Amino acid sequence: MDNPALVLAGILVLAAGTFALRVAGPLMRSRFELSDRVQQLLSTAAVVLLAALVATAALTAGHTHAGIARPVGVLVGGVLAWRRAPFVLVVVAAAATAAGLRLLGVP
């Protein structure tokens, strides 16, 4: 990738594709009518996908297990978020929990 023109062309193509996908949603929404059941399934699928992402990030570090401290910190953050605590408090409490457990020697 020593050719700056090729890199710039790649960036422009990806930017155009991203813009086209973002614009396609609102433009196509008026053309298709989704049933209430499909809309509910799509909403549920988004929640499940987010939960899987959080679980993967919380439980693994590379190709190994993340230990105990990180999942406990994520659990504390999740409970605080569920209880509608301010976002800064959620992040600080989760980080402090994980750091405190690691300070105590918990992996």
# chains A, B, ... in the order shown; residues from 1 in each chain; ligands from 1
call {"tool": "residues_around", "arguments": {"residues": "Leu59 in chain A", "least_positions_apart": "5", "cutoff": "7 Å", "atoms": "only C-alpha atoms", "output": "VMD selection string"}}
result
chain A and resid 65 to 66 71
call {"tool": "write_last_selection", "arguments": {"atoms": "C-alpha atoms", "output": "JSON list (two decimals), in the first residue's frame"}}
result
[["chain", "number", "residue", "atom", "x", "y", "z"],
["A", 65, "HIS", "CA", -10.73, -16.60, 29.20],
["A", 66, "ALA", "CA", -10.76, -13.04, 30.59],
["A", 71, "PRO", "CA", -17.04, -10.14, 33.93]]
call {"tool": "select_by_dssp", "arguments": {"residues": "chain A", "states": "alpha helix (DSSP H)", "output": "PyMOL selection string"}}
result
chain A and resi 4-29+36-59+69-82+87-103
call {"tool": "atom_distance", "arguments": {"atom1": "CA of Ala45 in chain A", "atom2": "CA of Leu21 in chain A"}}
result
19.4 Å
call {"tool": "closest_residue", "arguments": {"among": "A:Ile68, A:Val74, A:Leu80, A:Ala58", "to": "Leu104 in chain A", "atoms": "only C-alpha atoms"}}
result
A:Ile68
call {"tool": "select_by_dssp", "arguments": {"residues": "chain A", "states": "strand (DSSP E or B)", "output": "PyMOL selection string"}}
result
chain A and resi 60-61+64-65
call {"tool": "closest_residue", "arguments": {"among": "A:Val48, A:Ala85, A:Ala61, A:Leu41", "to": "Pro107 in chain A", "atoms": "only C-alpha atoms"}}
result
A:Ala61
call {"tool": "decode", "arguments": {"residues": "range 62-99 of chain A", "atoms": "N, CA and C atoms", "output": "mmCIF file, in the first residue's frame"}}
result
data_model
loop_
_atom_site.group_PDB
_atom_site.id
_atom_site.type_symbol
_atom_site.label_atom_id
_atom_site.label_comp_id
_atom_site.auth_asym_id
_atom_site.auth_seq_id
_atom_site.Cartn_x
_atom_site.Cartn_y
_atom_site.Cartn_z
ATOM 1 N N GLY A 62 -8.678 -12.016 23.813
ATOM 2 C CA GLY A 62 -7.965 -12.714 22.743
ATOM 3 C C GLY A 62 -8.603 -14.069 22.524
ATOM 4 N N HIS A 63 -7.790 -15.112 22.684
ATOM 5 C CA HIS A 63 -8.297 -16.476 22.521
ATOM 6 C C HIS A 63 -8.408 -17.196 23.857
ATOM 7 N N THR A 64 -8.324 -16.452 24.963
ATOM 8 C CA THR A 64 -8.370 -17.083 26.276
ATOM 9 C C THR A 64 -9.500 -16.476 27.105
ATOM 10 N N HIS A 65 -9.714 -17.081 28.262
ATOM 11 C CA HIS A 65 -10.729 -16.601 29.200
ATOM 12 C C HIS A 65 -10.248 -15.298 29.829
ATOM 13 N N ALA A 66 -11.132 -14.355 30.069
ATOM 14 C CA ALA A 66 -10.762 -13.039 30.590
ATOM 15 C C ALA A 66 -10.546 -13.035 32.097
ATOM 16 N N GLY A 67 -10.810 -14.127 32.759
ATOM 17 C CA GLY A 67 -10.687 -14.153 34.209
ATOM 18 C C GLY A 67 -12.016 -13.837 34.861
ATOM 19 N N ILE A 68 -11.965 -13.429 36.117
ATOM 20 C CA ILE A 68 -13.175 -13.165 36.886
ATOM 21 C C ILE A 68 -13.438 -11.663 37.011
ATOM 22 N N ALA A 69 -12.384 -10.866 37.110
ATOM 23 C CA ALA A 69 -12.537 -9.433 37.397
ATOM 24 C C ALA A 69 -13.321 -8.706 36.300
ATOM 25 N N ARG A 70 -13.015 -8.964 35.053
ATOM 26 C CA ARG A 70 -13.707 -8.243 33.974
ATOM 27 C C ARG A 70 -15.199 -8.575 33.923
ATOM 28 N N PRO A 71 -15.598 -9.862 33.947
ATOM 29 C CA PRO A 71 -17.043 -10.137 33.935
ATOM 30 C C PRO A 71 -17.782 -9.569 35.150
ATOM 31 N N VAL A 72 -17.136 -9.554 36.308
ATOM 32 C CA VAL A 72 -17.787 -8.976 37.491
ATOM 33 C C VAL A 72 -17.950 -7.468 37.309
ATOM 34 N N GLY A 73 -16.941 -6.811 36.749
ATOM 35 C CA GLY A 73 -17.053 -5.380 36.467
ATOM 36 C C GLY A 73 -18.163 -5.085 35.476
ATOM 37 N N VAL A 74 -18.263 -5.901 34.441
ATOM 38 C CA VAL A 74 -19.340 -5.727 33.452
ATOM 39 C C VAL A 74 -20.693 -5.976 34.108
ATOM 40 N N LEU A 75 -20.770 -6.955 34.985
ATOM 41 C CA LEU A 75 -22.018 -7.233 35.696
ATOM 42 C C LEU A 75 -22.436 -6.040 36.567
ATOM 43 N N VAL A 76 -21.478 -5.454 37.281
ATOM 44 C CA VAL A 76 -21.778 -4.275 38.100
ATOM 45 C C VAL A 76 -22.270 -3.129 37.220
ATOM 46 N N GLY A 77 -21.583 -2.906 36.099
ATOM 47 C CA GLY A 77 -22.014 -1.864 35.171
ATOM 48 C C GLY A 77 -23.393 -2.142 34.601
ATOM 49 N N GLY A 78 -23.667 -3.398 34.285
ATOM 50 C CA GLY A 78 -24.971 -3.768 33.744
ATOM 51 C C GLY A 78 -26.093 -3.552 34.734
ATOM 52 N N VAL A 79 -25.851 -3.904 35.981
ATOM 53 C CA VAL A 79 -26.872 -3.701 37.011
ATOM 54 C C VAL A 79 -27.135 -2.211 37.217
ATOM 55 N N LEU A 80 -26.056 -1.424 37.256
ATOM 56 C CA LEU A 80 -26.244 0.022 37.424
ATOM 57 C C LEU A 80 -26.966 0.640 36.227
ATOM 58 N N ALA A 81 -26.642 0.181 35.029
ATOM 59 C CA ALA A 81 -27.327 0.693 33.838
ATOM 60 C C ALA A 81 -28.802 0.290 33.855
ATOM 61 N N TRP A 82 -29.076 -0.922 34.296
ATOM 62 C CA TRP A 82 -30.454 -1.395 34.396
ATOM 63 C C TRP A 82 -31.248 -0.564 35.413
ATOM 64 N N ARG A 83 -30.553 -0.139 36.480
ATOM 65 C CA ARG A 83 -31.187 0.689 37.508
ATOM 66 C C ARG A 83 -31.217 2.166 37.109
ATOM 67 N N ARG A 84 -30.787 2.459 35.866
ATOM 68 C CA ARG A 84 -30.812 3.807 35.288
ATOM 69 C C ARG A 84 -29.899 4.792 36.009
ATOM 70 N N ALA A 85 -28.720 4.307 36.399
ATOM 71 C CA ALA A 85 -27.718 5.192 36.993
ATOM 72 C C ALA A 85 -27.105 6.053 35.881
ATOM 73 N N PRO A 86 -26.536 7.190 36.227
ATOM 74 C CA PRO A 86 -25.878 8.015 35.207
ATOM 75 C C PRO A 86 -24.740 7.248 34.535
ATOM 76 N N PHE A 87 -24.541 7.525 33.249
ATOM 77 C CA PHE A 87 -23.568 6.767 32.456
ATOM 78 C C PHE A 87 -22.163 6.842 33.050
ATOM 79 N N VAL A 88 -21.767 8.006 33.505
ATOM 80 C CA VAL A 88 -20.423 8.157 34.080
ATOM 81 C C VAL A 88 -20.275 7.254 35.302
ATOM 82 N N LEU A 89 -21.291 7.190 36.131
ATOM 83 C CA LEU A 89 -21.251 6.322 37.305
ATOM 84 C C LEU A 89 -21.158 4.854 36.892
ATOM 85 N N VAL A 90 -21.874 4.465 35.867
ATOM 86 C CA VAL A 90 -21.830 3.084 35.383
ATOM 87 C C VAL A 90 -20.413 2.721 34.959
ATOM 88 N N VAL A 91 -19.792 3.580 34.161
ATOM 89 C CA VAL A 91 -18.444 3.293 33.656
ATOM 90 C C VAL A 91 -17.426 3.278 34.786
ATOM 91 N N VAL A 92 -17.480 4.279 35.653
ATOM 92 C CA VAL A 92 -16.512 4.365 36.754
ATOM 93 C C VAL A 92 -16.678 3.196 37.717
ATOM 94 N N ALA A 93 -17.902 2.838 38.043
ATOM 95 C CA ALA A 93 -18.132 1.718 38.968
ATOM 96 C C ALA A 93 -17.665 0.396 38.367
ATOM 97 N N ALA A 94 -17.928 0.185 37.092
ATOM 98 C CA ALA A 94 -17.480 -1.057 36.448
ATOM 99 C C ALA A 94 -15.958 -1.127 36.424
ATOM 100 N N ALA A 95 -15.313 -0.029 36.051
ATOM 101 C CA ALA A 95 -13.850 -0.008 36.003
ATOM 102 C C ALA A 95 -13.250 -0.159 37.397
ATOM 103 N N ALA A 96 -13.833 0.524 38.382
ATOM 104 C CA ALA A 96 -13.320 0.434 39.752
ATOM 105 C C ALA A 96 -13.490 -0.970 40.316
ATOM 106 N N THR A 97 -14.596 -1.617 39.999
ATOM 107 C CA THR A 97 -14.812 -2.989 40.459
ATOM 108 C C THR A 97 -13.765 -3.928 39.880
ATOM 109 N N ALA A 98 -13.561 -3.850 38.575
ATOM 110 C CA ALA A 98 -12.561 -4.719 37.938
ATOM 111 C C ALA A 98 -11.164 -4.409 38.464
ATOM 112 N N ALA A 99 -10.837 -3.119 38.598
ATOM 113 C CA ALA A 99 -9.511 -2.744 39.091
ATOM 114 C C ALA A 99 -9.320 -3.176 40.540
#
